[in-house]
$ cat run27.cif   # mmCIF, C-alpha atoms and all ligand atoms
data_query
#
loop_
_atom_site.label_atom_id
_atom_site.label_comp_id
_atom_site.auth_asym_id
_atom_site.auth_seq_id
_atom_site.Cartn_x
_atom_site.Cartn_y
_atom_site.Cartn_z
CA MET A 1 -35.16 34.44 18.92
CA ASN A 2 -34.69 38.07 19.86
CA LYS A 3 -37.00 40.29 17.90
CA THR A 4 -36.00 43.80 16.83
CA HIS A 5 -37.74 46.45 18.88
CA LEU A 6 -39.77 48.98 16.88
CA ARG A 7 -38.14 51.80 18.88
CA ASN A 8 -34.75 50.63 17.62
CA LEU A 9 -35.79 51.57 14.09
CA SER A 10 -35.41 55.05 12.65
CA LEU A 11 -38.67 56.53 11.41
CA LEU A 12 -37.52 55.89 7.82
CA GLU A 13 -36.91 52.23 8.67
CA LEU A 14 -40.29 52.04 10.39
CA ARG A 15 -41.90 53.41 7.24
CA ASP A 16 -40.05 50.87 5.08
CA VAL A 17 -41.27 48.03 7.31
CA VAL A 18 -44.89 49.10 6.85
CA LEU A 19 -44.53 49.67 3.08
CA ALA A 20 -42.79 46.29 2.70
CA GLU A 21 -45.91 44.72 4.22
CA GLY A 22 -47.78 46.08 1.19
CA GLU A 23 -49.53 48.70 3.31
CA PRO A 24 -50.19 52.31 2.29
CA GLU A 25 -48.09 55.17 3.72
CA PHE A 26 -50.79 56.33 6.12
CA ARG A 27 -50.49 53.06 8.05
CA PHE A 28 -46.91 54.06 8.91
CA ARG A 29 -48.17 57.38 10.25
CA GLN A 30 -50.79 55.58 12.33
CA LEU A 31 -48.17 53.21 13.74
CA ALA A 32 -45.74 56.05 14.56
CA THR A 33 -48.57 57.97 16.23
CA TRP A 34 -49.40 54.98 18.46
CA ILE A 35 -45.80 54.56 19.53
CA TYR A 36 -44.57 58.14 19.96
CA ALA A 37 -47.63 60.39 20.30
CA ARG A 38 -49.97 58.08 22.20
CA LEU A 39 -47.04 56.30 23.88
CA GLU A 40 -48.67 52.87 23.55
CA SER A 41 -46.63 49.74 24.07
CA THR A 42 -49.01 46.95 22.99
CA TYR A 43 -50.26 46.02 19.54
CA ASP A 44 -53.69 45.36 21.07
CA ALA A 45 -54.11 49.07 21.77
CA MET A 46 -53.53 50.02 18.11
CA THR A 47 -57.13 49.50 17.15
CA ASP A 48 -57.16 51.46 13.89
CA LEU A 49 -54.49 49.19 12.37
CA PRO A 50 -55.79 46.02 10.67
CA LYS A 51 -55.53 43.09 13.06
CA GLU A 52 -53.72 41.02 10.49
CA LEU A 53 -51.03 43.71 10.03
CA ARG A 54 -50.57 43.85 13.79
CA GLN A 55 -50.14 40.06 13.89
CA ARG A 56 -47.53 40.14 11.13
CA LEU A 57 -45.64 42.96 12.87
CA ALA A 58 -45.80 41.14 16.20
CA GLN A 59 -44.09 38.11 14.68
CA ARG A 60 -41.02 40.18 13.80
CA PHE A 61 -40.99 43.19 16.10
CA ASP A 62 -41.36 43.90 19.80
CA VAL A 63 -43.25 46.99 20.89
CA ALA A 64 -43.46 46.41 24.66
CA ALA A 65 -41.76 49.03 26.81
CA SER A 66 -39.36 47.92 29.54
CA ALA A 67 -41.29 48.42 32.74
CA PRO A 68 -39.56 50.14 35.66
CA VAL A 69 -38.84 47.71 38.48
CA SER A 70 -39.09 50.44 41.07
CA ILE A 71 -40.27 54.03 41.32
CA GLN A 72 -39.32 56.33 44.16
CA GLN A 73 -40.92 59.71 44.78
CA SER A 74 -39.30 62.59 46.62
CA ALA A 75 -41.30 63.89 49.56
CA VAL A 76 -39.53 67.23 49.14
CA ASP A 77 -40.32 68.19 45.56
CA GLY A 78 -42.20 65.32 43.88
CA THR A 79 -39.22 64.28 41.75
CA ARG A 80 -39.59 60.64 40.70
CA LYS A 81 -36.77 58.19 40.08
CA PHE A 82 -37.40 55.14 37.87
CA LEU A 83 -35.21 52.05 37.89
CA PHE A 84 -35.46 50.22 34.55
CA GLU A 85 -34.47 46.65 33.94
CA PHE A 86 -33.78 45.56 30.39
CA ALA A 87 -34.07 42.08 28.86
CA ASP A 88 -30.50 41.08 29.86
CA GLY A 89 -30.98 42.21 33.46
CA ALA A 90 -29.00 45.45 33.00
CA ARG A 91 -30.41 48.28 35.07
CA VAL A 92 -30.38 52.05 34.64
CA GLU A 93 -32.15 54.93 36.31
CA SER A 94 -34.06 57.87 34.86
CA VAL A 95 -35.49 60.85 36.69
CA LEU A 96 -38.65 62.91 36.13
CA MET A 97 -38.50 66.44 37.56
CA ARG A 98 -40.80 69.42 37.45
CA TYR A 99 -39.02 72.77 36.97
CA ASP A 100 -40.88 76.01 36.32
CA ARG A 101 -44.11 74.22 35.39
CA ARG A 102 -42.23 72.15 32.83
CA ASN A 103 -41.41 68.46 33.10
CA THR A 104 -37.80 67.50 32.54
CA VAL A 105 -36.60 63.95 32.07
CA CYS A 106 -33.02 62.94 32.84
CA LEU A 107 -31.98 59.95 30.74
CA SER A 108 -29.21 57.36 31.02
CA THR A 109 -27.17 56.34 27.98
CA GLN A 110 -24.96 53.59 29.40
CA VAL A 111 -25.18 50.92 32.10
CA GLY A 112 -22.50 52.28 34.41
CA CYS A 113 -19.83 54.60 33.04
CA PRO A 114 -16.26 53.91 31.92
CA LEU A 115 -15.06 57.32 33.14
CA ASP A 116 -13.93 57.75 36.72
CA CYS A 117 -14.83 61.27 37.81
CA VAL A 118 -14.05 61.26 41.52
CA PHE A 119 -17.24 63.05 42.60
CA CYS A 120 -19.70 60.94 40.58
CA GLU A 121 -21.65 58.02 42.08
CA THR A 122 -22.09 56.26 38.73
CA ALA A 123 -18.31 55.98 38.47
CA LYS A 124 -18.26 53.78 41.58
CA GLY A 125 -20.07 50.98 39.73
CA ARG A 126 -18.78 48.76 36.95
CA PHE A 127 -19.31 49.81 33.33
CA GLN A 128 -21.43 47.14 31.65
CA ARG A 129 -22.62 48.25 28.24
CA ASN A 130 -24.09 50.91 25.99
CA LEU A 131 -27.86 51.30 25.77
CA THR A 132 -29.56 50.92 22.40
CA ALA A 133 -31.51 53.82 20.90
CA GLY A 134 -34.69 51.88 21.73
CA GLU A 135 -33.68 51.60 25.39
CA ILE A 136 -33.01 55.34 25.52
CA LEU A 137 -36.39 56.04 23.91
CA ASP A 138 -38.08 53.56 26.26
CA GLN A 139 -37.06 55.73 29.20
CA ILE A 140 -38.45 58.94 27.74
CA CYS A 141 -41.67 57.31 26.48
CA LEU A 142 -42.45 55.84 29.86
CA LEU A 143 -41.57 59.00 31.80
CA LYS A 144 -43.54 61.15 29.39
CA ARG A 145 -46.58 58.94 29.91
CA GLU A 146 -46.16 59.31 33.66
CA ALA A 147 -45.66 63.06 33.38
CA GLY A 148 -49.04 64.11 32.06
CA PRO A 149 -50.98 64.51 28.82
CA PRO A 150 -48.97 62.97 25.94
CA SER A 151 -49.27 66.23 24.00
CA GLU A 152 -47.41 68.20 26.69
CA LYS A 153 -43.87 69.12 25.66
CA ILE A 154 -41.06 68.08 27.95
CA ASN A 155 -37.38 68.86 28.25
CA VAL A 156 -34.80 66.12 27.94
CA VAL A 157 -31.34 66.09 29.52
CA PHE A 158 -28.81 63.33 28.92
CA MET A 159 -27.44 63.66 32.44
CA GLY A 160 -28.23 60.26 33.89
CA MET A 161 -25.85 57.33 33.98
CA GLY A 162 -23.08 57.15 31.42
CA GLU A 163 -21.20 59.32 28.98
CA PRO A 164 -23.46 60.05 25.98
CA LEU A 165 -20.60 60.70 23.57
CA LEU A 166 -19.19 57.22 24.19
CA ASN A 167 -22.50 55.88 22.85
CA LEU A 168 -22.89 58.41 20.07
CA PRO A 169 -24.63 56.35 17.34
CA SER A 170 -27.46 55.34 19.70
CA VAL A 171 -27.71 58.85 21.15
CA ILE A 172 -27.94 60.41 17.68
CA ALA A 173 -30.51 57.82 16.56
CA ALA A 174 -32.62 58.47 19.68
CA ILE A 175 -32.43 62.27 19.26
CA ARG A 176 -33.51 62.03 15.62
CA VAL A 177 -36.67 60.22 16.72
CA MET A 178 -37.17 62.84 19.46
CA ASN A 179 -36.82 65.65 16.87
CA ASP A 180 -39.15 64.17 14.25
CA PRO A 181 -42.71 65.54 14.10
CA LEU A 182 -43.87 61.93 13.77
CA GLY A 183 -41.66 60.95 16.70
CA LEU A 184 -41.65 62.95 19.94
CA ASN A 185 -41.63 66.28 18.09
CA LEU A 186 -39.08 68.01 20.35
CA GLY A 187 -36.86 70.82 19.06
CA GLY A 188 -33.14 70.97 19.78
CA LYS A 189 -33.55 73.62 22.50
CA ARG A 190 -35.49 71.09 24.56
CA ILE A 191 -32.81 68.38 24.35
CA THR A 192 -29.43 68.73 26.09
CA VAL A 193 -26.59 66.29 25.72
CA SER A 194 -24.16 66.59 28.63
CA THR A 195 -20.58 65.49 28.07
CA SER A 196 -17.31 65.55 29.94
CA SER A 197 -14.91 65.30 27.01
CA PHE A 198 -14.21 64.03 23.47
CA PRO A 199 -13.80 67.06 21.18
CA ASP A 200 -13.98 64.96 17.97
CA ARG A 201 -17.28 63.52 19.05
CA ILE A 202 -18.63 66.96 19.97
CA ARG A 203 -17.87 67.94 16.35
CA GLU A 204 -19.45 64.74 15.07
CA LEU A 205 -22.62 65.52 17.04
CA ALA A 206 -22.56 69.08 15.69
CA ASP A 207 -22.33 67.76 12.11
CA SER A 208 -24.98 65.09 12.59
CA GLU A 209 -28.66 65.45 11.85
CA ALA A 210 -29.49 65.32 15.55
CA ASP A 211 -30.78 68.71 16.70
CA CYS A 212 -29.83 69.32 20.33
CA SER A 213 -28.05 71.63 22.77
CA LEU A 214 -24.80 70.78 24.53
CA ALA A 215 -23.62 70.99 28.13
CA LEU A 216 -19.91 70.64 28.75
CA SER A 217 -19.01 69.39 32.23
CA LEU A 218 -15.97 71.52 32.94
CA ASN A 219 -15.86 71.20 36.74
CA ALA A 220 -12.35 72.70 37.04
CA PRO A 221 -10.89 75.99 35.78
CA ASN A 222 -7.55 74.49 34.68
CA ASP A 223 -6.20 71.20 33.35
CA ALA A 224 -4.17 70.36 36.46
CA LEU A 225 -7.20 70.38 38.77
CA ARG A 226 -9.37 68.79 36.10
CA ARG A 227 -6.94 65.85 35.93
CA GLN A 228 -7.43 65.27 39.65
CA LEU A 229 -11.23 65.46 39.55
CA MET A 230 -11.86 63.82 36.16
CA PRO A 231 -8.79 61.67 35.43
CA LYS A 232 -10.06 60.06 32.23
CA ALA A 233 -12.17 62.91 30.89
CA SER A 234 -9.21 65.29 31.15
CA HIS A 235 -7.19 63.39 28.56
CA PHE A 236 -8.15 66.24 26.19
CA PRO A 237 -7.14 69.72 27.41
CA ILE A 238 -9.80 72.31 28.25
CA ASP A 239 -8.72 74.44 25.27
CA GLU A 240 -9.56 71.66 22.83
CA LEU A 241 -12.91 71.05 24.48
CA LEU A 242 -13.82 74.74 24.28
CA ASP A 243 -12.74 74.84 20.60
CA ALA A 244 -15.09 71.96 19.89
CA ALA A 245 -17.88 73.62 21.90
CA ARG A 246 -17.44 76.82 19.85
CA TYR A 247 -17.68 74.69 16.71
CA PHE A 248 -20.96 73.33 18.09
CA VAL A 249 -22.48 76.84 18.28
CA ARG A 250 -20.81 78.17 15.14
CA ASP A 251 -24.00 78.83 13.16
CA GLY A 252 -25.69 80.61 16.07
CA ARG A 253 -28.57 78.16 16.26
CA ARG A 254 -27.28 75.90 18.97
CA ARG A 255 -26.47 76.54 22.62
CA VAL A 256 -23.73 75.38 24.94
CA THR A 257 -23.74 75.54 28.72
CA LEU A 258 -20.59 75.07 30.77
CA GLU A 259 -21.33 73.01 33.88
CA TYR A 260 -19.26 73.33 37.03
CA VAL A 261 -19.87 71.09 40.05
CA LEU A 262 -19.12 73.06 43.22
CA ILE A 263 -17.15 70.87 45.63
CA LYS A 264 -16.27 72.47 48.93
CA GLY A 265 -12.53 72.80 49.44
CA ARG A 266 -11.69 71.37 45.99
CA ASN A 267 -12.62 73.80 43.20
CA MET A 268 -14.15 76.84 44.95
CA SER A 269 -11.20 78.99 46.02
CA PRO A 270 -11.05 82.69 45.07
CA VAL A 271 -8.31 81.81 42.56
CA ASP A 272 -10.52 79.06 41.07
CA ALA A 273 -13.33 81.63 40.72
CA ASP A 274 -10.99 84.13 39.01
CA GLU A 275 -9.66 81.51 36.60
CA LEU A 276 -13.14 80.25 35.81
CA ALA A 277 -14.43 83.78 35.25
CA ALA A 278 -11.54 84.56 32.87
CA LEU A 279 -12.07 81.34 30.99
CA ALA A 280 -15.87 81.59 30.79
CA HIS A 281 -15.79 85.30 29.95
CA ALA A 282 -14.11 84.59 26.63
CA GLN A 283 -16.80 82.11 25.57
CA PRO A 284 -20.24 82.58 24.03
CA PHE A 285 -21.69 80.23 26.64
CA LYS A 286 -23.69 80.32 29.84
CA LEU A 287 -22.24 78.97 33.04
CA ASN A 288 -24.27 76.63 35.25
CA LEU A 289 -23.01 75.91 38.77
CA ILE A 290 -24.15 72.63 40.36
CA PRO A 291 -23.67 72.29 44.12
CA TYR A 292 -22.07 68.89 44.73
CA ASN A 293 -24.48 66.18 45.88
CA PRO A 294 -22.63 63.89 48.26
CA GLY A 295 -23.35 60.21 47.81
CA ARG A 296 -23.11 57.69 50.57
CA HIS A 297 -19.58 57.34 51.96
CA SER A 298 -18.58 60.39 49.97
CA PRO A 299 -15.15 61.83 50.75
CA TYR A 300 -16.22 65.29 49.53
CA GLU A 301 -18.36 67.96 51.05
CA CYS A 302 -21.14 69.98 49.50
CA PRO A 303 -20.89 73.76 49.83
CA ASN A 304 -23.36 75.67 52.01
CA GLU A 305 -25.24 78.79 50.86
CA ASP A 306 -22.47 81.10 52.08
CA ASP A 307 -19.79 79.17 50.20
CA ILE A 308 -21.87 79.34 47.03
CA ASP A 309 -22.60 83.08 47.49
CA ARG A 310 -18.94 83.81 48.01
CA PHE A 311 -17.93 81.92 44.87
CA VAL A 312 -20.66 83.51 42.73
CA THR A 313 -19.88 87.00 44.04
CA ARG A 314 -16.23 86.59 43.13
CA LEU A 315 -17.16 85.17 39.72
CA LEU A 316 -19.89 87.55 38.66
CA PRO A 317 -18.19 90.78 37.70
CA ALA A 318 -16.10 89.02 35.06
CA ALA A 319 -18.22 86.03 34.14
CA PRO A 320 -21.04 85.74 31.59
CA ALA A 321 -24.56 84.63 32.62
CA VAL A 322 -24.29 82.39 35.67
CA THR A 323 -27.03 80.16 37.06
CA VAL A 324 -26.96 77.89 40.10
CA ARG A 325 -28.80 74.61 39.70
CA ARG A 326 -30.92 73.61 42.65
CA SER A 327 -30.96 69.88 43.19
CA ARG A 328 -34.11 67.85 42.81
CA GLY A 329 -34.92 64.58 44.52
CA VAL A 330 -32.04 64.73 46.99
CA ASP A 331 -34.00 62.63 49.53
CA ILE A 332 -34.28 59.77 47.00
CA ASP A 333 -30.71 60.00 45.67
CA ALA A 334 -32.03 61.27 42.36
CA ALA A 335 -29.86 64.38 42.19
CA CYS A 336 -27.13 64.83 39.61
CA GLY A 337 -24.53 62.13 39.75
CA GLN A 338 -26.34 60.14 42.42
CA LEU A 339 -28.01 57.55 40.28
CA TRP A 340 -27.62 53.82 40.50
CA ASN A 341 -25.00 53.33 43.15
CA GLU A 342 -27.55 52.96 45.89
CA TYR A 343 -28.93 50.00 43.97
CA LEU A 344 -25.46 48.49 43.59
CA MET A 345 -24.87 48.75 47.30
CA GLN A 346 -28.20 47.14 48.11
CA LYS A 347 -27.55 44.35 45.66
CA LYS A 348 -24.22 43.50 47.20
CA LYS A 349 -25.71 42.91 50.67
CA PRO A 350 -27.29 39.48 50.13
CA ALA A 351 -24.13 38.26 48.40
CA LYS A 352 -22.26 38.87 51.64
CA GLY A 353 -24.44 36.22 53.20
CA ALA A 354 -25.94 38.67 55.67
CA ALA A 355 -29.27 36.85 55.79
N1 LIG A 401 -21.14 61.92 31.59
C1 LIG A 401 -21.89 63.10 31.29
C2 LIG A 401 -23.35 63.04 31.76
C3 LIG A 401 -23.64 62.48 33.11
S1 LIG A 401 -23.19 63.48 34.52
C4 LIG A 401 -21.17 64.33 31.84
O1 LIG A 401 -20.16 64.17 32.52
O2 LIG A 401 -21.60 65.43 31.55
C5 LIG A 401 -24.24 64.89 34.41
C6 LIG A 401 -23.74 66.10 35.20
O3 LIG A 401 -23.77 65.79 36.61
C7 LIG A 401 -22.31 66.46 34.88
O4 LIG A 401 -22.19 67.86 34.73
C8 LIG A 401 -21.53 66.02 36.11
O5 LIG A 401 -20.37 66.79 36.29
C9 LIG A 401 -22.57 66.24 37.21
N2 LIG A 401 -22.35 65.46 38.42
C10 LIG A 401 -21.84 64.21 38.53
N3 LIG A 401 -21.78 63.84 39.82
C11 LIG A 401 -22.27 64.86 40.55
C12 LIG A 401 -22.48 65.06 41.94
N4 LIG A 401 -22.19 64.13 42.83
N5 LIG A 401 -23.00 66.24 42.33
C13 LIG A 401 -23.33 67.19 41.42
N6 LIG A 401 -23.17 67.05 40.11
C14 LIG A 401 -22.63 65.89 39.66
#
$ encode --input "run27.cif" --output "structure tokens"
Amino acid sequence: MNKTHLRNLSLLELRDVVLAEGEPEFRFRQLATWIYARLESTYDAMTDLPKELRQRLAQRFDVAASAPVSIQQSAVDGTRKFLFEFADGARVESVLMRYDRRNTVCLSTQVGCPLDCVFCETAKGRFQRNLTAGEILDQICLLKREAGPPSEKINVVFMGMGEPLLNLPSVIAAIRVMNDPLGLNLGGKRITVSTSSFPDRIRELADSEADCSLALSLNAPNDALRRQLMPKASHFPIDELLDAARYFVRDGRRRVTLEYVLIKGRNMSPVDADELAALAHAQPFKLNLIPYNPGRHSPYECPNEDDIDRFVTRLLPAAPAVTVRRSRGVDIDAACGQLWNEYLMQKKKPAKGAA
């Protein structure tokens, strides 16, 4: 019988489980501390909980973390990429990066992705399923333990495999545990959900109790080009997406970043820069440019420094704050949009009977 995983419970549900065992409230706090502050994944380690309580919990609930089946480390910048395998064999990747003396973890929310953005490696694989909240939290708990002292704050970006807003209930549940002082105790400025579309769901996230920031993957300055680059995500026009993003920041507490992947020869012309500047100028958002990371067999080209300079120079006079994201872990295919497909390609080889 499959047991429920403790990380699939909200903190309120976790508390109810402990109280229903006839235990006092402080036992719940001890249990939450073991899971989310000390990042433990065995009942044996939870030595200040009565043994008999641990045995009763173990009969009904799993606490083990899914172990990564492989870890790759970049020789260039120390970025580490973790491949997780869950109970049903589904695999996702997560990345641990160090930026400005701060650790950032990049989490996956789905196994594969049902969208088909032409520049994204994840889109080349088959969409399999949504991750549970517990599987999302598993990734961050393990990477946080790898990153350093458990007390050290980290930043979280939902920029791994999948489209977070197509798995919104699990994403919201996971963020609520991240926000909670008895969970991972991370404020909304440290957590960024990146999405390519779905204005209604952006509003739903804004109205939910999950405290987070938003990144909107724009990637084209007009709907016609966006339809070519992101055929499914462009079902909703840019105007509607920006309306929803403004709703997200309406009370001034939250932040939105517009993301724009720079693909040489596709969305970097002077006219593209002018259109993007005009569009971004009217918004209360920052603009983050991401040089395209080519995957294997990629039909697109990444821009060189001159291409990027030219685009930024054209953009700057009219645009709001612009940053250019430098890729991490390029030598281990851990850069934005590069996750997972390498594994798919490796996996296919034996099936071809090459051995
Ligand atoms: N589905 C979500 C989150 C995953 S992609 C989204 O679209 O936002 C995270 C970011 O990586 C997005 O901004 C996406 O546009 C970008 N990205 C995808 N493939 C990329 C690539 N090959 N090079 C650079 N950025 C890429």
$ closest_residue --input "run27.cif" --among "A:Leu165, A:Leu137, A:Cys120, A:Leu49" --to "A:Ile202" --atoms "all atoms listed in the file"
A:Leu165
$ closest_residue --input "run27.cif" --among "A:Glu240, A:Asp116, A:Asp180, A:Asp309" --to "ligand LIG 401 (chain A)" --atoms "only C-alpha atoms and all ligand atoms"
A:Asp116
$ residues_near_ligand --input "run27.cif" --ligand "ligand LIG 401 (chain A)" --cutoff "6 Å" --atoms "all atoms listed in the file" --output "list in words"
Phe119, Cys120, Met159, Gly160, Met161, Gly162, Glu163, Ser194, Thr195, Ser196, Ser217, Glu259, Val261, Ile290, Pro291, Tyr292, Asn293, Pro294, Cys336, Gly337 and Gln338 of chain A
$ closest_residue --input "run27.cif" --among "A:Asn222, A:Asn103, A:Ser269, A:Gln228" --to "A:Asp307" --atoms "all atoms listed in the file"
A:Ser269
$ closest_residue --input "run27.cif" --among "A:Val271, A:Leu262, A:Leu186, A:Val17" --to "A:Pro303" --atoms "all atoms listed in the file"
A:Leu262
$ closest_residue --input "run27.cif" --among "A:Pro270, A:Pro169, A:Gly134, A:Pro164" --to "A:Val193" --atoms "all atoms listed in the file"
A:Pro164
$ residues_around --input "run27.cif" --residues "A:Asp239" --least-positions-apart "2" --cutoff "12 Å" --atoms "only C-alpha atoms" --output "list in words"
Ser197, Phe198, Pro199, Leu218, Pro221, Asn222, Asp223, Ser234, His235, Phe236, Pro237, Leu241, Leu242, Asp243, Ala244, Ala245, Arg246, Leu279, Ala280, Ala282 and Gln283 of chain A
$ closest_residue --input "run27.cif" --among "A:Glu301, A:Asp62, A:Glu275, A:Asp333" --to "A:Tyr43" --atoms "only C-alpha atoms"
A:Asp62
